[in-house]
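Note sheet for the following structure.
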Amino acid sequence: MKHIKQLIMMLIILASLVVAPLNAFAAANSSASSSDSTTSSSTATTSDDSLQKIKQKGTLVVGTSAGYPPYEFTTKKNGKTHYVGFEMSLARQLAKDLGVKVQIKNMDFDSLLVALESHKVDVAIAGINITPERKKSVDFSKTYYKGTKYFLIKKSDKSKYKTYQDFKGKTVGTENGAMEYSLIKKYIPDVKEKGLSKWSSLVIALQSRKLVGVLMDSATAQAFAQANPDLYAFNSHIKFKTAGVAIAFPKGATSLEAAANKTVDKVNREKLIQKKWLPQAAKMMKSSNKQNTVASYWSFFAKGVGYTLLITVVAVIFGFLLGILFALMRLSSSKLLHAIAICYIEFIRGTPMLVQIMFVYFGIGAVIRSMPALIAGIIAVSINSGAYVAEIIRSGIQSLPIGQTEAARSLGMTKKQTFHYVIIPQALKNIWPALGNEFITLLKDSSLVSTIGVAELMYETQLVQSDTYKGVLPLFITMLIYFILTFTLTRILNHFEKRLKHAY
């Protein structure tokens, strides 16, 4: 009873430590909302400290979704990734005008607004069109670019499709969260829309006949058509009203928005996009197409393997420790410990790992804003692994005959000694194949952390696809790398399995 009271007291203290910052964060948000509703826009501009915070830290964190040429894409220089395109030139110009450095965070397009709301990035620059729905979540700068919508199709289908009406009843793709997604559903009758997180993935789907067309911005469609001789781009003739493309900010960042508008006014006045940045982007794309081959990107794959192994190794260690802890808690005679273990295991096993990764990074990251994407990914993967390992260990312990415990206790062993010298070694031998399978699954599932911008193997593969405009070959190389890694891990696990069998 004494131990249970101590445990309850510890849980109360831990809960207070977690809830206190959450309450403070909520109160701050509530206070900011109340202030916004009761003061004028001029007062909000002076009271907002978003610009001051950026100048104090000396860095402007820009969220983008590279792989959308000529807006933003990647090139290789001295074996390193460089983010280029006319919007990246705009981001650097904004940082220069603010007197700070720029840091680019590359992530999926449909994660950008969440990153803004959770303050993981200061601004988002990624061909974001101003829409009434988006204005409910974020604020926008003045417009700096407007474009038409083009279809990208196979060149062999050039005679079949000449306007958006020709795609009736067909499968048409675009990027998740992009404006084009709603345009497809609105203008094309009986269309089968297909949304993917990357434009490079959509181009692969088009080339493999999974799609008959992809709707995208005119400049981007023409860029992909120039890079792939089997593709063709043409005007969709879809008429739509849009305020144009602008920089997105968190709600209430009025001082930062005002400073950015000065940069946008300067860019529009001097026509920097049309006269300077677009020609530069076109030149870099042409140079990249001629020089870049998949083989020259070996350093990207090597970097991805390094991060994948780091995530896997750390997650295996912490997942195993969590698994032992919660397995013993579930087997405990204490109803409280048993209930906590049940809740943890059932909740984690009942929710997808991708959702857990996003929640840790964007949800908990809203409170702990300094949390890097890599740390968030490792925490989420470790917690997920711990639930599965806990059940594996529990099944191994319960599979042993009760006579093993009784024999050990009859020899004078304590409960702790029985578990340490009798139960655990035999259970480990029985569950080793299942543990090995969990470790291999963990190695492959680490690719999910690419969604929050961790530079593991799948993330680097997408960069290679964006750079080279080749979709299938980088994926094939990645498949081979994963096979080599899992095959090697399997051989290592089999070696230790044989030694365990020999020991007993």
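Quick note on naming: the chains in the structure tokens go A, B, ... in the order shown, residues restart at 1 in each chain, and ligands are numbered from 1 in order of appearance.
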Taking a cut-off of 9 Å and counting only C-alpha atoms, can you build a table that, for each residue of stretch 379-491 of chain A near stretch 71-87 of chain A, reports the nearest atom pair and how far apart they are in Å (one decimal), sorted by chain then residue number, as a Markdown table?
```
| residue | atom | partner | partner_atom | distance |
| --- | --- | --- | --- | --- |
| A:Leu463 | CA | A:Thr74 | CA | 6.8 |
| A:Val464 | CA | A:Thr74 | CA | 8.5 |
| A:Ser466 | CA | A:Thr74 | CA | 6.7 |
| A:Asp467 | CA | A:Thr74 | CA | 5.6 |
| A:Thr468 | CA | A:Thr75 | CA | 8.8 |
```
- Output as a VMD selection string all residues of stretch 263-456 of chain A that backbone DSSP marks as alpha helix (DSSP H). chain A and resid 263 to 270 272 278 to 291 298 to 331 335 to 349 353 to 358 373 to 398 402 to 410 415 to 418 424 to 445
- Residues at most 10 Å from A:Met329, counting only C-alpha atoms, excluding those fewer than 3 positions away in the same chain, as a ChimeraX atom specification? /A:323-326,332-342,390,394
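Taking only C-alpha atoms into account, A:Leu328 lies nearest to A:Phe419 out of the set A:Phe419, A:Tyr181, A:Phe487, A:Tyr161.
With only C-alpha atoms taken into account, the protein and nucleic acid residues at most 9 Å from A:Gly244 (excluding it and anything under 5 positions from it in its own chain) are Gly127, Ile128, Asn129, Ile130, Thr131, Lys142, Thr143, Tyr144, Tyr145, Lys146 and Gly147 of chain A.
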Selection to disk with C-alpha atoms, as a compact mmCIF listing (two decimals), in the first residue's frame:
```txt
# COMPACT_ATOMS: atom_id res chain seq x y z
CA GLY A 127 3.63 28.25 -54.00
CA ILE A 128 0.79 28.70 -51.49
CA ASN A 129 -2.30 30.28 -53.07
CA ILE A 130 -4.43 32.53 -50.89
CA THR A 131 -7.83 30.92 -50.27
CA LYS A 142 0.73 40.57 -50.38
CA THR A 143 0.68 38.55 -53.61
CA TYR A 144 3.99 38.19 -55.44
CA TYR A 145 3.10 35.72 -58.24
CA LYS A 146 0.13 34.48 -60.27
CA GLY A 147 0.17 31.56 -62.68
```
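With only C-alpha atoms as the atoms that count, the residue of A:Met284, A:Ala246, A:Leu183, A:Val138 with the shortest distance to A:Asn268 is A:Ala246.
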- Which residue, A:Val313, A:Ser446, A:Met353, A:Pro69, has the smallest gap to A:Ala282 when you use only C-alpha atoms? A:Pro69
- Could you check how far atom CA of A:Glu391 sits from atom CA of A:Gly365, in Å to one decimal? 28.7 Å
- Task: Name the residues in contact with A:Leu256 at a cut-off of 8 Å, using only C-alpha atoms, excluding same-chain residues fewer than 4 positions from it; report them as a ChimeraX atom specification.
- Result: /A:50-51,260
Next, dump the selected residues to file, keeping only all heavy atoms, as a PDB file, in the first residue's frame.
```pdb
ATOM      1  N   SER A  50       6.650  38.902 -33.018  1.00  0.00           N
ATOM      2  CA  SER A  50       7.169  37.845 -33.900  1.00  0.00           C
ATOM      3  C   SER A  50       8.429  38.288 -34.626  1.00  0.00           C
ATOM      4  O   SER A  50       9.394  37.518 -34.759  1.00  0.00           O
ATOM      5  CB  SER A  50       6.096  37.433 -34.913  1.00  0.00           C
ATOM      6  OG  SER A  50       5.640  38.557 -35.659  1.00  0.00           O
ATOM      7  N   LEU A  51       8.459  39.534 -35.096  1.00  0.00           N
ATOM      8  CA  LEU A  51       9.639  40.041 -35.789  1.00  0.00           C
ATOM      9  C   LEU A  51      10.811  40.190 -34.825  1.00  0.00           C
ATOM     10  O   LEU A  51      11.956  39.855 -35.161  1.00  0.00           O
ATOM     11  CB  LEU A  51       9.308  41.383 -36.445  1.00  0.00           C
ATOM     12  CG  LEU A  51      10.455  42.071 -37.195  1.00  0.00           C
ATOM     13  CD1 LEU A  51      10.968  41.186 -38.320  1.00  0.00           C
ATOM     14  CD2 LEU A  51       9.996  43.420 -37.741  1.00  0.00           C
ATOM     15  N   ALA A 260       7.577  41.635 -44.107  1.00  0.00           N
ATOM     16  CA  ALA A 260       7.616  40.831 -45.328  1.00  0.00           C
ATOM     17  C   ALA A 260       6.940  41.559 -46.485  1.00  0.00           C
ATOM     18  O   ALA A 260       7.381  41.449 -47.644  1.00  0.00           O
ATOM     19  CB  ALA A 260       6.941  39.483 -45.088  1.00  0.00           C
TER      20      ALA A 260
END
```
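Rounded to one decimal, atom CA of A:Arg349 and atom CA of A:Ile383 lie 10.2 Å from each other.
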- Separation of atom CA of A:Asp122 and atom CA of A:Gln52, in Å? 12.0 Å
- Message: Show me, as a PyMOL selection string, the residues that have an atom within 8 Å of stretch 420-429 of chain A when counting only C-alpha atoms, minus same-chain residues fewer than 5 positions from it.
- Response: chain A and resi 393+396-397+399-400+404-405+408+497+500-501
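Distances to A:Thr461 were evaluated for A:Val305, A:Val203, A:Leu493, A:Leu374 using only C-alpha atoms, and the minimum falls at A:Val305.
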Restrict the calculation to only C-alpha atoms, then for each residue of stretch 152-184 of chain A with any atom at most 8 Å from an atom of stretch 218-240 of chain A give the closest atom pair and their distance in Å to one decimal, rows by chain and rising residue number, as a tab-separated table.
```
residue	atom	partner	partner_atom	distance
A:Leu152	CA	A:Ala233	CA	4.5
A:Ile153	CA	A:Tyr232	CA	5.3
A:Lys154	CA	A:Leu231	CA	4.6
A:Lys155	CA	A:Leu231	CA	4.8
A:Ser156	CA	A:Asp230	CA	7.6
A:Lys158	CA	A:Tyr232	CA	7.2
A:Lys162	CA	A:Phe234	CA	7.4
A:Thr163	CA	A:Ser236	CA	5.4
A:Tyr164	CA	A:Ser236	CA	5.4
```
- Name the residues in contact with stretch 450-453 of chain A at a cut-off of 6 Å, using only C-alpha atoms, excluding same-chain residues fewer than 6 positions from it; report them as a VMD selection string. chain A and resid 106 to 107 459
Could those residues be written to a file, using C-alpha atoms, as a compact mmCIF listing (two decimals), in the first residue's frame?
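Generated output (out_8.txt):
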```
# COMPACT_ATOMS: atom_id res chain seq x y z
CA ASN A 106 11.74 20.83 -46.27
CA MET A 107 8.53 18.86 -45.59
CA TYR A 459 13.77 11.56 -47.46
```
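Taking only C-alpha atoms into account, A:Leu309 lies nearest to A:Ile378 out of the set A:Asp157, A:Ala124, A:Ala66, A:Ile378.
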